[in-house]
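Take a look at the structure below.
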Amino acid sequence: MQHALGLRAGVLTDADHESLRGAADANPGGASRVTQRARELREAIQALVVGAAHGRAPDPAGLAMLNRELEAAMAAVTVAPSGEGFVWGWPESTSDPDLARPLWPLARSAAELLVSPERYRLRQCAGEGCGWVFLDEARDGRRRTCEMANCGNRFRIRAFARRRATAAQPAAVRGGRSAVDAAQVPDRAPETASSDG
Ligand SMILES: [Zn+2]
């Protein structure tokens, strides 16, 4: 399963995928252990980036998990030509590939993100029921929701409802529009609110 995931994420070539599938079929016990490691690594990375997004200290067990997988990734990493330059990479899988091969690019890229200045731009989406972690590339660094349309819209609708609730009372007290009128006539529709989150 993690091999298909690696292929979708662009970290495995078709050839890697084929040879890994053959190796997994030949060693189902090993494949299921790697699948378990993949799940644990995914959870560890998730916890680490969420923690970083909130400025929390990392969970030691999650960090240890990432470091174990990183050690294997770094033991196998190579420099490969790419266009006019070079990239970190892993040799094409041979006839006897390491089943953990799909975990290496994930461990390495998670580690690179955590040690880079970009980690200060990690945010957890404030959209209802989302929790997606994203990189805030807005200049002011104040983006609140991920790029899923629903998240931004729901978040703005909730924020709008809060503003409306606080605005309604003074309007009634001032003897202008009633609270009900104020609630029904928004000064700015949430759909057209600023899209910067
Ligand atoms: Zn979201």
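Numbering starts fresh at 1 for the residues of each chain in the structure tokens, the chains themselves are lettered A, B, ... in the order given, and ligands are numbered from 1 as they appear.
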Q) If you run DSSP on this backbone, which residues of region 37-177 of chain A come out as strand (DSSP E), and could you give them as an NGL selection string? A) :A and (78-82 or 85-89 or 122-124 or 133-135)
Q.
as an MDAnalysis selection string, please: every protein or nucleic acid residue near ligand 1 (cut-off 10 Å, counting only C-alpha atoms and all ligand atoms).
A. chainID A and resid 124:134 144:155
Q) Leu41 (chain A): which residues within 12 Å, counting only C-alpha atoms, same-chain residues fewer than 6 positions away excluded, as an NGL selection string? A) :A and (2 or 34-35 or 47-48 or 61-70 or 100 or 102-108 or 110-111)
Hey, can you spit out that residue selection with N, CA and C atoms as a PDB file, in the first residue's frame?
ATOM      1  N   GLN A   2       1.945   1.243   0.844  1.00  0.00           N
ATOM      2  CA  GLN A   2       2.787   2.436   0.896  1.00  0.00           C
ATOM      3  C   GLN A   2       3.517   2.638  -0.417  1.00  0.00           C
ATOM      4  N   VAL A  34       7.019  -3.183   6.930  1.00  0.00           N
ATOM      5  CA  VAL A  34       7.327  -1.868   6.362  1.00  0.00           C
ATOM      6  C   VAL A  34       6.065  -1.014   6.293  1.00  0.00           C
ATOM      7  N   THR A  35       4.926  -1.655   6.004  1.00  0.00           N
ATOM      8  CA  THR A  35       3.661  -0.908   5.979  1.00  0.00           C
ATOM      9  C   THR A  35       3.382  -0.301   7.356  1.00  0.00           C
ATOM     10  N   ALA A  47       2.651  14.598  13.605  1.00  0.00           N
ATOM     11  CA  ALA A  47       2.725  15.198  14.947  1.00  0.00           C
ATOM     12  C   ALA A  47       3.830  16.250  15.000  1.00  0.00           C
ATOM     13  N   LEU A  48       4.946  15.988  14.334  1.00  0.00           N
ATOM     14  CA  LEU A  48       6.068  16.935  14.376  1.00  0.00           C
ATOM     15  C   LEU A  48       5.727  18.234  13.646  1.00  0.00           C
ATOM     16  N   ALA A  61       9.319  10.612  21.181  1.00  0.00           N
ATOM     17  CA  ALA A  61       9.150   9.314  20.506  1.00  0.00           C
ATOM     18  C   ALA A  61       8.983   9.510  18.997  1.00  0.00           C
ATOM     19  N   GLY A  62       8.215  10.536  18.608  1.00  0.00           N
ATOM     20  CA  GLY A  62       8.018  10.814  17.188  1.00  0.00           C
ATOM     21  C   GLY A  62       9.312  11.238  16.525  1.00  0.00           C
ATOM     22  N   LEU A  63      10.085  12.059  17.234  1.00  0.00           N
ATOM     23  CA  LEU A  63      11.355  12.514  16.689  1.00  0.00           C
ATOM     24  C   LEU A  63      12.327  11.340  16.549  1.00  0.00           C
ATOM     25  N   ALA A  64      12.325  10.438  17.524  1.00  0.00           N
ATOM     26  CA  ALA A  64      13.195   9.260  17.459  1.00  0.00           C
ATOM     27  C   ALA A  64      12.802   8.378  16.274  1.00  0.00           C
ATOM     28  N   MET A  65      11.501   8.260  16.057  1.00  0.00           N
ATOM     29  CA  MET A  65      11.008   7.463  14.926  1.00  0.00           C
ATOM     30  C   MET A  65      11.503   8.062  13.601  1.00  0.00           C
ATOM     31  N   LEU A  66      11.344   9.374  13.462  1.00  0.00           N
ATOM     32  CA  LEU A  66      11.805  10.031  12.236  1.00  0.00           C
ATOM     33  C   LEU A  66      13.308   9.831  12.071  1.00  0.00           C
ATOM     34  N   ASN A  67      14.054   9.959  13.159  1.00  0.00           N
ATOM     35  CA  ASN A  67      15.515   9.846  13.069  1.00  0.00           C
ATOM     36  C   ASN A  67      15.953   8.431  12.697  1.00  0.00           C
ATOM     37  N   ARG A  68      15.214   7.434  13.155  1.00  0.00           N
ATOM     38  CA  ARG A  68      15.554   6.058  12.762  1.00  0.00           C
ATOM     39  C   ARG A  68      15.393   5.884  11.246  1.00  0.00           C
ATOM     40  N   GLU A  69      14.286   6.369  10.708  1.00  0.00           N
ATOM     41  CA  GLU A  69      14.059   6.227   9.269  1.00  0.00           C
ATOM     42  C   GLU A  69      15.017   7.107   8.473  1.00  0.00           C
ATOM     43  N   LEU A  70      15.342   8.273   9.040  1.00  0.00           N
ATOM     44  CA  LEU A  70      16.266   9.176   8.374  1.00  0.00           C
ATOM     45  C   LEU A  70      17.650   8.539   8.269  1.00  0.00           C
ATOM     46  N   ALA A 100      11.866  -0.800   2.376  1.00  0.00           N
ATOM     47  CA  ALA A 100      11.649   0.500   3.032  1.00  0.00           C
ATOM     48  C   ALA A 100      11.993   1.671   2.115  1.00  0.00           C
ATOM     49  N   PRO A 102      10.469   3.300  -0.171  1.00  0.00           N
ATOM     50  CA  PRO A 102       9.512   4.411  -0.296  1.00  0.00           C
ATOM     51  C   PRO A 102       9.521   5.353   0.908  1.00  0.00           C
ATOM     52  N   LEU A 103      10.040   4.885   2.049  1.00  0.00           N
ATOM     53  CA  LEU A 103      10.033   5.748   3.235  1.00  0.00           C
ATOM     54  C   LEU A 103      11.162   6.781   3.197  1.00  0.00           C
ATOM     55  N   TRP A 104      12.227   6.483   2.434  1.00  0.00           N
ATOM     56  CA  TRP A 104      13.416   7.343   2.487  1.00  0.00           C
ATOM     57  C   TRP A 104      13.145   8.771   2.041  1.00  0.00           C
ATOM     58  N   PRO A 105      12.539   8.984   0.875  1.00  0.00           N
ATOM     59  CA  PRO A 105      12.301  10.382   0.478  1.00  0.00           C
ATOM     60  C   PRO A 105      11.383  11.113   1.458  1.00  0.00           C
ATOM     61  N   LEU A 106      10.451  10.372   2.062  1.00  0.00           N
ATOM     62  CA  LEU A 106       9.530  11.010   3.014  1.00  0.00           C
ATOM     63  C   LEU A 106      10.288  11.469   4.253  1.00  0.00           C
ATOM     64  N   ALA A 107      11.143  10.564   4.791  1.00  0.00           N
ATOM     65  CA  ALA A 107      11.908  10.906   5.991  1.00  0.00           C
ATOM     66  C   ALA A 107      12.831  12.081   5.703  1.00  0.00           C
ATOM     67  N   ARG A 108      13.487  12.024   4.539  1.00  0.00           N
ATOM     68  CA  ARG A 108      14.436  13.089   4.220  1.00  0.00           C
ATOM     69  C   ARG A 108      13.735  14.432   4.022  1.00  0.00           C
ATOM     70  N   ALA A 110      10.845  15.403   5.187  1.00  0.00           N
ATOM     71  CA  ALA A 110      10.314  15.895   6.468  1.00  0.00           C
ATOM     72  C   ALA A 110      11.428  16.524   7.289  1.00  0.00           C
ATOM     73  N   ALA A 111      12.591  15.852   7.305  1.00  0.00           N
ATOM     74  CA  ALA A 111      13.726  16.379   8.074  1.00  0.00           C
ATOM     75  C   ALA A 111      14.175  17.721   7.511  1.00  0.00           C
TER      76      ALA A 111
END
Q: Could you jot down the CA of Ser82 (chain A) to CA of Asp98 (chain A) separation for me, Å, one decimal place?
A: 23.5 Å
**Q.** Distance query Ala53 (chain A) at most 8 Å, only C-alpha atoms, self and fewer than 5 positions along chain excluded, as a list in words
**A.** Arg119, Tyr120, Arg121, Leu122, Arg123, Gln124 and Val133 of chain A
Q.
For a quick check of understanding, using only C-alpha atoms, which of A:Arg101, A:Trp88, A:Pro60, A:Arg37 has the smallest distance to Leu12 (chain A)?
A. A:Arg101
